[in-house]
Amino acid sequence: MKTWAVSARVLLPLLLLGAVRAPDCTDSSRCTGPPRRYTPDWPSLDSRPLPAWFDEAKFGVFVHWGVFSVPAWGSEWFWWHWEAEKLPAYQNFMRENYPPNFSYADFGPQFTARFFHPDSWADLFEASGRRFLGFGKRAGRGLRNIHYGLYHSLLEWFHPLYLRDKKNDFKTQYFVREKIMPELYDLVNRYKPDLIWSDGEWEGPDTYWNSTNFLSWLYNDSPVKDVVVVNDRWGKNCSCHHGGYYNCQDKFKPETLPDHKWEMCTSIDKMSWGYRRDMVLTDITSEYSIISELVRTVSLGGNYLLNIGPTKDGLIVPIFQERLLAVGKWLGINGEAIYASKPWRVQFEKNATSVWYTSKGPTVYAIFLYWPESGILSLKSPIVTSTTQITMLGIQNDLKWSKNPGEDLLVYLPHLPPAAVPTEFAWTIKLTGVK
């Protein structure tokens, strides 16, 4: 879980890559007649159509950056592990590196963001999903094709008003009324995010947090009511049940196609969401694993949210840049099979090549993760017709194909030198005229 508990919360950007467009009409009532009003209850709120831009975007970048980036050790839950759980490793770290009576607040002045250049960050994030480079105006940022979201933690570990409500078994709402809800309304009115990534909900029910009242205002009267998207973390009873799209839990990986829009959020550093000075290479998710997870997630109807943790100075370390650019390079060739795609009637074939399917209208895409040694890709699910054509994204010429006696579709992959292969792994076959 990604939360921290400082009274002055640092806002963390979440960036979803895709073409910026005018607010879309997600149902007919948005285009004709008065807009629909949503009442502060889950049956009404859950009936709101998800704005189309989110499903089309498919890939996003998550940024965890805060005071925890100063000690930059262990995890972004540093304060909790040190002061609340009193874990020996964290207490030893503080004794060995900081003077007696040093408090978490004393890290604050060292959070300098000295080398933070937002345009450089935006350039990197665009390059990580550069298949779509349509432009739309963003105030103060020039021309960008990035949807902007904000992370917001409901709970604050050590806030006295929160601790008071917790002691009262969440039957009082001093913290909610005086701190968290005024802050959340101000966040929306001031920053106008396209997405709110709520978190820190797990100790209290949605009735304690006043979540349905807030979401009713957000959907009906807020300045982002037509485009805003939210997740499912609005109370300990909500995850995977209520909200816009479902996170369910961190690094959620369903085995089959869910019946609700969902997201997998994960981090390049497998051990932490924030930056760690003690990070080693084996803690870093490989390029292959990231792209494989992206393909699997989109094939099963989800969005893929990949996290990085900048340093206290505002730098994104080279290994994180390298991973993001690798995704951008892969999407530059294969993005047609990812952006704005839909799950096909068959999502995957578990065989030696590990095939995952997506679709756009009548076009089917088969993304295979392993190149067959024979150079022949065998597909069981597509049914060919007299108009079938097969190509590989990144290769101009049509591919030859046939049916084998067992009725599998056999696709003859191009014989190319390594330098001419479109990508290093996860290649896409485009099929038209199939059923």
# chains A, B, ... in the order shown; residues from 1 in each chain; ligands from 1
$ select_by_dssp --residues "stretch 36-150 of chain A" --states "strand (DSSP E or B)" --output "list in words"
Phe59, Gly60, Val61, Phe62, Val63, Gly136, Lys137, Arg138, Gly142, Leu143, Arg144, Ile146, His147, Tyr148, Gly149 and Leu150 of chain A
$ closest_atom_pairs --of "stretch 228-314 of chain A" --to "stretch 323-328 of chain A" --cutoff "10 Å" --atoms "only C-alpha atoms" --output "tab-separated table"
residue	atom	partner	partner_atom	distance
A:Ile268	CA	A:Arg323	CA	7.7
A:Ile284	CA	A:Arg323	CA	9.3
A:Thr285	CA	A:Arg323	CA	8.5
A:Ser286	CA	A:Arg323	CA	7.7
A:Glu287	CA	A:Arg323	CA	6.1
A:Tyr288	CA	A:Ala326	CA	9.3
A:Ile290	CA	A:Val327	CA	7.8
A:Ile291	CA	A:Val327	CA	6.6
A:Leu294	CA	A:Val327	CA	9.1
A:Leu306	CA	A:Leu324	CA	8.6
A:Asn307	CA	A:Leu324	CA	9.7
A:Ile308	CA	A:Leu324	CA	9.1
$ residues_around --residues "A:Pro310" --least-positions-apart "2" --cutoff "6 Å" --atoms "only C-alpha atoms" --output "list of chain:residue names"
A:Trp65, A:Tyr275, A:Gly314, A:Leu315, A:Ile316
$ closest_atom_pairs --of "stretch 53-159 of chain A" --to "stretch 222-229 of chain A" --cutoff "9 Å" --atoms "only C-alpha atoms" --output "Markdown table"
| residue | atom | partner | partner_atom | distance |
| --- | --- | --- | --- | --- |
| A:Trp53 | CA | A:Val227 | CA | 8.1 |
| A:Phe54 | CA | A:Val229 | CA | 7.4 |
| A:Gly149 | CA | A:Val229 | CA | 8.8 |
$ residues_around --residues "A:Val411" --least-positions-apart "4" --cutoff "12 Å" --atoms "only C-alpha atoms" --output "MDAnalysis selection string"
chainID A and resid 366 368 371:372 374:380 382 384 388:392 398:404 428:431
$ closest_residue --among "A:Pro40, A:Pro49, A:Pro118, A:Pro343" --to "A:Asn303" --atoms "only C-alpha atoms"
A:Pro343
$ atom_distance --atom1 "atom CA of A:Val176" --atom2 "atom CA of A:His147"
28.2 Å
$ closest_atom_pairs --of "stretch 143-182 of chain A" --to "stretch 199-209 of chain A" --cutoff "10 Å" --atoms "only C-alpha atoms" --output "Markdown table"
| residue | atom | partner | partner_atom | distance |
| --- | --- | --- | --- | --- |
| A:Tyr151 | CA | A:Asp199 | CA | 7.5 |
| A:His152 | CA | A:Asp199 | CA | 6.1 |
| A:Ser153 | CA | A:Asp199 | CA | 4.7 |
| A:Leu154 | CA | A:Gly200 | CA | 5.0 |
| A:Leu155 | CA | A:Gly200 | CA | 5.0 |
| A:Glu156 | CA | A:Gly200 | CA | 7.9 |
| A:Trp157 | CA | A:Gly200 | CA | 9.4 |
| A:Asp165 | CA | A:Tyr208 | CA | 9.3 |
| A:Lys166 | CA | A:Gly204 | CA | 8.3 |
| A:Asp169 | CA | A:Gly204 | CA | 8.5 |
| A:Phe170 | CA | A:Tyr208 | CA | 6.3 |
| A:Lys171 | CA | A:Tyr208 | CA | 7.3 |
| A:Thr172 | CA | A:Tyr208 | CA | 7.8 |
| A:Gln173 | CA | A:Tyr208 | CA | 6.6 |
| A:Phe175 | CA | A:Trp209 | CA | 9.1 |
| A:Val176 | CA | A:Trp209 | CA | 6.1 |
| A:Arg177 | CA | A:Trp209 | CA | 8.9 |
| A:Ile180 | CA | A:Trp209 | CA | 8.5 |
| A:Met181 | CA | A:Trp209 | CA | 8.0 |
$ residues_around --residues "A:Arg37" --least-positions-apart "5" --cutoff "9 Å" --atoms "only C-alpha atoms" --output "JSON, numbers by chain"
{"A": [44, 216, 219, 220]}
$ residues_around --residues "A:Trp356" --least-positions-apart "2" --cutoff "8 Å" --atoms "only C-alpha atoms" --output "VMD selection string"
chain A and resid 295 to 296 299 347 to 349 354 358 366 to 368
$ write_last_selection --atoms "N, CA, C and O atoms" --output "PDB file, in the first residue's frame"
ATOM      1  N   VAL A 295       1.503  -6.528 -21.629  1.00  0.00           N
ATOM      2  CA  VAL A 295       0.750  -7.286 -22.633  1.00  0.00           C
ATOM      3  C   VAL A 295      -0.340  -8.115 -21.966  1.00  0.00           C
ATOM      4  O   VAL A 295      -1.505  -8.102 -22.391  1.00  0.00           O
ATOM      5  N   ARG A 296       0.008  -8.843 -20.942  1.00  0.00           N
ATOM      6  CA  ARG A 296      -0.968  -9.666 -20.220  1.00  0.00           C
ATOM      7  C   ARG A 296      -2.110  -8.810 -19.680  1.00  0.00           C
ATOM      8  O   ARG A 296      -3.287  -9.168 -19.792  1.00  0.00           O
ATOM      9  N   SER A 299      -4.393  -7.479 -22.503  1.00  0.00           N
ATOM     10  CA  SER A 299      -5.150  -8.573 -23.080  1.00  0.00           C
ATOM     11  C   SER A 299      -6.344  -8.951 -22.216  1.00  0.00           C
ATOM     12  O   SER A 299      -7.411  -9.312 -22.724  1.00  0.00           O
ATOM     13  N   GLN A 347      -8.414 -14.685 -24.864  1.00  0.00           N
ATOM     14  CA  GLN A 347      -7.402 -13.750 -24.369  1.00  0.00           C
ATOM     15  C   GLN A 347      -5.975 -14.299 -24.484  1.00  0.00           C
ATOM     16  O   GLN A 347      -5.038 -13.533 -24.687  1.00  0.00           O
ATOM     17  N   PHE A 348      -5.783 -15.606 -24.368  1.00  0.00           N
ATOM     18  CA  PHE A 348      -4.413 -16.133 -24.399  1.00  0.00           C
ATOM     19  C   PHE A 348      -4.411 -17.606 -24.771  1.00  0.00           C
ATOM     20  O   PHE A 348      -5.424 -18.305 -24.643  1.00  0.00           O
ATOM     21  N   GLU A 349      -3.261 -18.036 -25.250  1.00  0.00           N
ATOM     22  CA  GLU A 349      -2.992 -19.446 -25.500  1.00  0.00           C
ATOM     23  C   GLU A 349      -1.705 -19.800 -24.754  1.00  0.00           C
ATOM     24  O   GLU A 349      -0.654 -19.217 -25.018  1.00  0.00           O
ATOM     25  N   SER A 354       3.671 -18.515 -25.724  1.00  0.00           N
ATOM     26  CA  SER A 354       2.889 -17.654 -24.824  1.00  0.00           C
ATOM     27  C   SER A 354       2.230 -16.506 -25.595  1.00  0.00           C
ATOM     28  O   SER A 354       2.741 -15.395 -25.643  1.00  0.00           O
ATOM     29  N   THR A 358      -5.326  -9.220 -28.434  1.00  0.00           N
ATOM     30  CA  THR A 358      -6.136  -8.018 -28.288  1.00  0.00           C
ATOM     31  C   THR A 358      -6.876  -7.815 -29.613  1.00  0.00           C
ATOM     32  O   THR A 358      -6.627  -8.523 -30.596  1.00  0.00           O
ATOM     33  N   ALA A 366      -2.164 -10.857 -32.236  1.00  0.00           N
ATOM     34  CA  ALA A 366      -1.601 -11.948 -31.445  1.00  0.00           C
ATOM     35  C   ALA A 366      -0.181 -11.554 -31.048  1.00  0.00           C
ATOM     36  O   ALA A 366       0.699 -11.436 -31.906  1.00  0.00           O
ATOM     37  N   ILE A 367       0.025 -11.312 -29.757  1.00  0.00           N
ATOM     38  CA  ILE A 367       1.340 -10.908 -29.254  1.00  0.00           C
ATOM     39  C   ILE A 367       1.992 -12.142 -28.631  1.00  0.00           C
ATOM     40  O   ILE A 367       1.473 -12.699 -27.660  1.00  0.00           O
ATOM     41  N   PHE A 368       3.108 -12.580 -29.200  1.00  0.00           N
ATOM     42  CA  PHE A 368       3.769 -13.775 -28.667  1.00  0.00           C
ATOM     43  C   PHE A 368       5.071 -13.380 -27.987  1.00  0.00           C
ATOM     44  O   PHE A 368       5.838 -12.551 -28.482  1.00  0.00           O
TER      45      PHE A 368
END
$ atom_distance --atom1 "atom CA of A:Lys58" --atom2 "atom CA of A:Trp262"
10.4 Å
$ atom_distance --atom1 "atom CA of A:Asn231" --atom2 "atom CA of A:Ser198"
6.5 Å
$ residues_around --residues "A:Ser381" --least-positions-apart "5" --cutoff "12 Å" --atoms "only C-alpha atoms" --output "list in words"
Trp344, Arg345, Val346, Gln347, Phe348, Glu349, Lys350, Val355, Trp356, Tyr357, Val364, Tyr365, Ala366, Glu407, Asp408, Leu409, Leu410, Leu431, Val434 and Lys435 of chain A
$ write_last_selection --atoms "N, CA, C and O atoms" --output "PDB file, in the first residue's frame"
ATOM      1  N   TRP A 344     -10.158  -9.710 -26.901  1.00  0.00           N
ATOM      2  CA  TRP A 344     -10.753 -10.536 -27.948  1.00  0.00           C
ATOM      3  C   TRP A 344     -11.552 -11.661 -27.293  1.00  0.00           C
ATOM      4  O   TRP A 344     -11.556 -11.814 -26.063  1.00  0.00           O
ATOM      5  N   ARG A 345     -12.233 -12.463 -28.103  1.00  0.00           N
ATOM      6  CA  ARG A 345     -13.036 -13.568 -27.564  1.00  0.00           C
ATOM      7  C   ARG A 345     -12.173 -14.607 -26.863  1.00  0.00           C
ATOM      8  O   ARG A 345     -12.632 -15.324 -25.963  1.00  0.00           O
ATOM      9  N   VAL A 346     -10.905 -14.708 -27.267  1.00  0.00           N
ATOM     10  CA  VAL A 346      -9.923 -15.536 -26.573  1.00  0.00           C
ATOM     11  C   VAL A 346      -8.806 -14.606 -26.122  1.00  0.00           C
ATOM     12  O   VAL A 346      -8.310 -13.815 -26.918  1.00  0.00           O
ATOM     13  N   GLN A 347      -8.414 -14.685 -24.864  1.00  0.00           N
ATOM     14  CA  GLN A 347      -7.402 -13.750 -24.369  1.00  0.00           C
ATOM     15  C   GLN A 347      -5.975 -14.299 -24.484  1.00  0.00           C
ATOM     16  O   GLN A 347      -5.038 -13.533 -24.687  1.00  0.00           O
ATOM     17  N   PHE A 348      -5.783 -15.606 -24.368  1.00  0.00           N
ATOM     18  CA  PHE A 348      -4.413 -16.133 -24.399  1.00  0.00           C
ATOM     19  C   PHE A 348      -4.411 -17.606 -24.771  1.00  0.00           C
ATOM     20  O   PHE A 348      -5.424 -18.305 -24.643  1.00  0.00           O
ATOM     21  N   GLU A 349      -3.261 -18.036 -25.250  1.00  0.00           N
ATOM     22  CA  GLU A 349      -2.992 -19.446 -25.500  1.00  0.00           C
ATOM     23  C   GLU A 349      -1.705 -19.800 -24.754  1.00  0.00           C
ATOM     24  O   GLU A 349      -0.654 -19.217 -25.018  1.00  0.00           O
ATOM     25  N   LYS A 350      -1.812 -20.730 -23.838  1.00  0.00           N
ATOM     26  CA  LYS A 350      -0.633 -21.145 -23.077  1.00  0.00           C
ATOM     27  C   LYS A 350       0.096 -22.233 -23.831  1.00  0.00           C
ATOM     28  O   LYS A 350      -0.292 -23.403 -23.827  1.00  0.00           O
ATOM     29  N   VAL A 355       1.079 -16.796 -26.190  1.00  0.00           N
ATOM     30  CA  VAL A 355       0.379 -15.846 -27.057  1.00  0.00           C
ATOM     31  C   VAL A 355      -0.729 -15.148 -26.279  1.00  0.00           C
ATOM     32  O   VAL A 355      -1.531 -15.802 -25.595  1.00  0.00           O
ATOM     33  N   TRP A 356      -0.800 -13.804 -26.424  1.00  0.00           N
ATOM     34  CA  TRP A 356      -1.858 -12.992 -25.825  1.00  0.00           C
ATOM     35  C   TRP A 356      -2.540 -12.200 -26.942  1.00  0.00           C
ATOM     36  O   TRP A 356      -1.869 -11.647 -27.811  1.00  0.00           O
ATOM     37  N   TYR A 357      -3.867 -12.135 -26.878  1.00  0.00           N
ATOM     38  CA  TYR A 357      -4.646 -11.502 -27.943  1.00  0.00           C
ATOM     39  C   TYR A 357      -5.249 -10.173 -27.490  1.00  0.00           C
ATOM     40  O   TYR A 357      -5.666 -10.014 -26.335  1.00  0.00           O
ATOM     41  N   VAL A 364      -7.560  -8.509 -35.321  1.00  0.00           N
ATOM     42  CA  VAL A 364      -7.081  -9.264 -34.160  1.00  0.00           C
ATOM     43  C   VAL A 364      -5.558  -9.169 -34.111  1.00  0.00           C
ATOM     44  O   VAL A 364      -4.882  -9.227 -35.147  1.00  0.00           O
ATOM     45  N   TYR A 365      -5.022  -8.999 -32.908  1.00  0.00           N
ATOM     46  CA  TYR A 365      -3.576  -8.944 -32.707  1.00  0.00           C
ATOM     47  C   TYR A 365      -3.168 -10.106 -31.808  1.00  0.00           C
ATOM     48  O   TYR A 365      -3.757 -10.323 -30.746  1.00  0.00           O
ATOM     49  N   ALA A 366      -2.164 -10.857 -32.236  1.00  0.00           N
ATOM     50  CA  ALA A 366      -1.601 -11.948 -31.445  1.00  0.00           C
ATOM     51  C   ALA A 366      -0.181 -11.554 -31.048  1.00  0.00           C
ATOM     52  O   ALA A 366       0.699 -11.436 -31.906  1.00  0.00           O
ATOM     53  N   GLU A 407      -5.651 -28.389 -37.803  1.00  0.00           N
ATOM     54  CA  GLU A 407      -6.432 -27.152 -37.962  1.00  0.00           C
ATOM     55  C   GLU A 407      -5.845 -25.951 -37.236  1.00  0.00           C
ATOM     56  O   GLU A 407      -6.508 -24.942 -37.087  1.00  0.00           O
ATOM     57  N   ASP A 408      -4.610 -26.045 -36.742  1.00  0.00           N
ATOM     58  CA  ASP A 408      -3.942 -24.848 -36.221  1.00  0.00           C
ATOM     59  C   ASP A 408      -3.567 -23.940 -37.379  1.00  0.00           C
ATOM     60  O   ASP A 408      -3.269 -24.407 -38.494  1.00  0.00           O
ATOM     61  N   LEU A 409      -3.568 -22.637 -37.112  1.00  0.00           N
ATOM     62  CA  LEU A 409      -3.065 -21.667 -38.080  1.00  0.00           C
ATOM     63  C   LEU A 409      -1.554 -21.582 -37.920  1.00  0.00           C
ATOM     64  O   LEU A 409      -1.053 -21.319 -36.822  1.00  0.00           O
ATOM     65  N   LEU A 410      -0.831 -21.807 -38.993  1.00  0.00           N
ATOM     66  CA  LEU A 410       0.632 -21.744 -38.969  1.00  0.00           C
ATOM     67  C   LEU A 410       1.086 -20.473 -39.668  1.00  0.00           C
ATOM     68  O   LEU A 410       0.783 -20.257 -40.840  1.00  0.00           O
ATOM     69  N   LEU A 431      -3.819  -9.757 -37.618  1.00  0.00           N
ATOM     70  CA  LEU A 431      -4.642 -10.626 -38.450  1.00  0.00           C
ATOM     71  C   LEU A 431      -5.930  -9.906 -38.844  1.00  0.00           C
ATOM     72  O   LEU A 431      -6.674  -9.425 -37.972  1.00  0.00           O
ATOM     73  N   VAL A 434     -10.218 -12.631 -40.072  1.00  0.00           N
ATOM     74  CA  VAL A 434     -10.344 -13.843 -39.281  1.00  0.00           C
ATOM     75  C   VAL A 434     -11.560 -13.733 -38.385  1.00  0.00           C
ATOM     76  O   VAL A 434     -12.085 -12.641 -38.147  1.00  0.00           O
ATOM     77  N   LYS A 435     -11.979 -14.862 -37.849  1.00  0.00           N
ATOM     78  CA  LYS A 435     -13.117 -14.882 -36.950  1.00  0.00           C
ATOM     79  C   LYS A 435     -12.690 -15.491 -35.606  1.00  0.00           C
ATOM     80  O   LYS A 435     -11.684 -16.171 -35.505  1.00  0.00           O
TER      81      LYS A 435
END
$ select_by_dssp --residues "stretch 130-358 of chain A" --states "alpha helix (DSSP H)" --output "PyMOL selection string"
chain A and resi 160-167+174-175+181-191+206-209+211-220+287-299+318-334
$ closest_residue --among "A:Leu215, A:Val230, A:Leu393, A:Ala420" --to "A:Thr39" --atoms "only C-alpha atoms"
A:Leu215
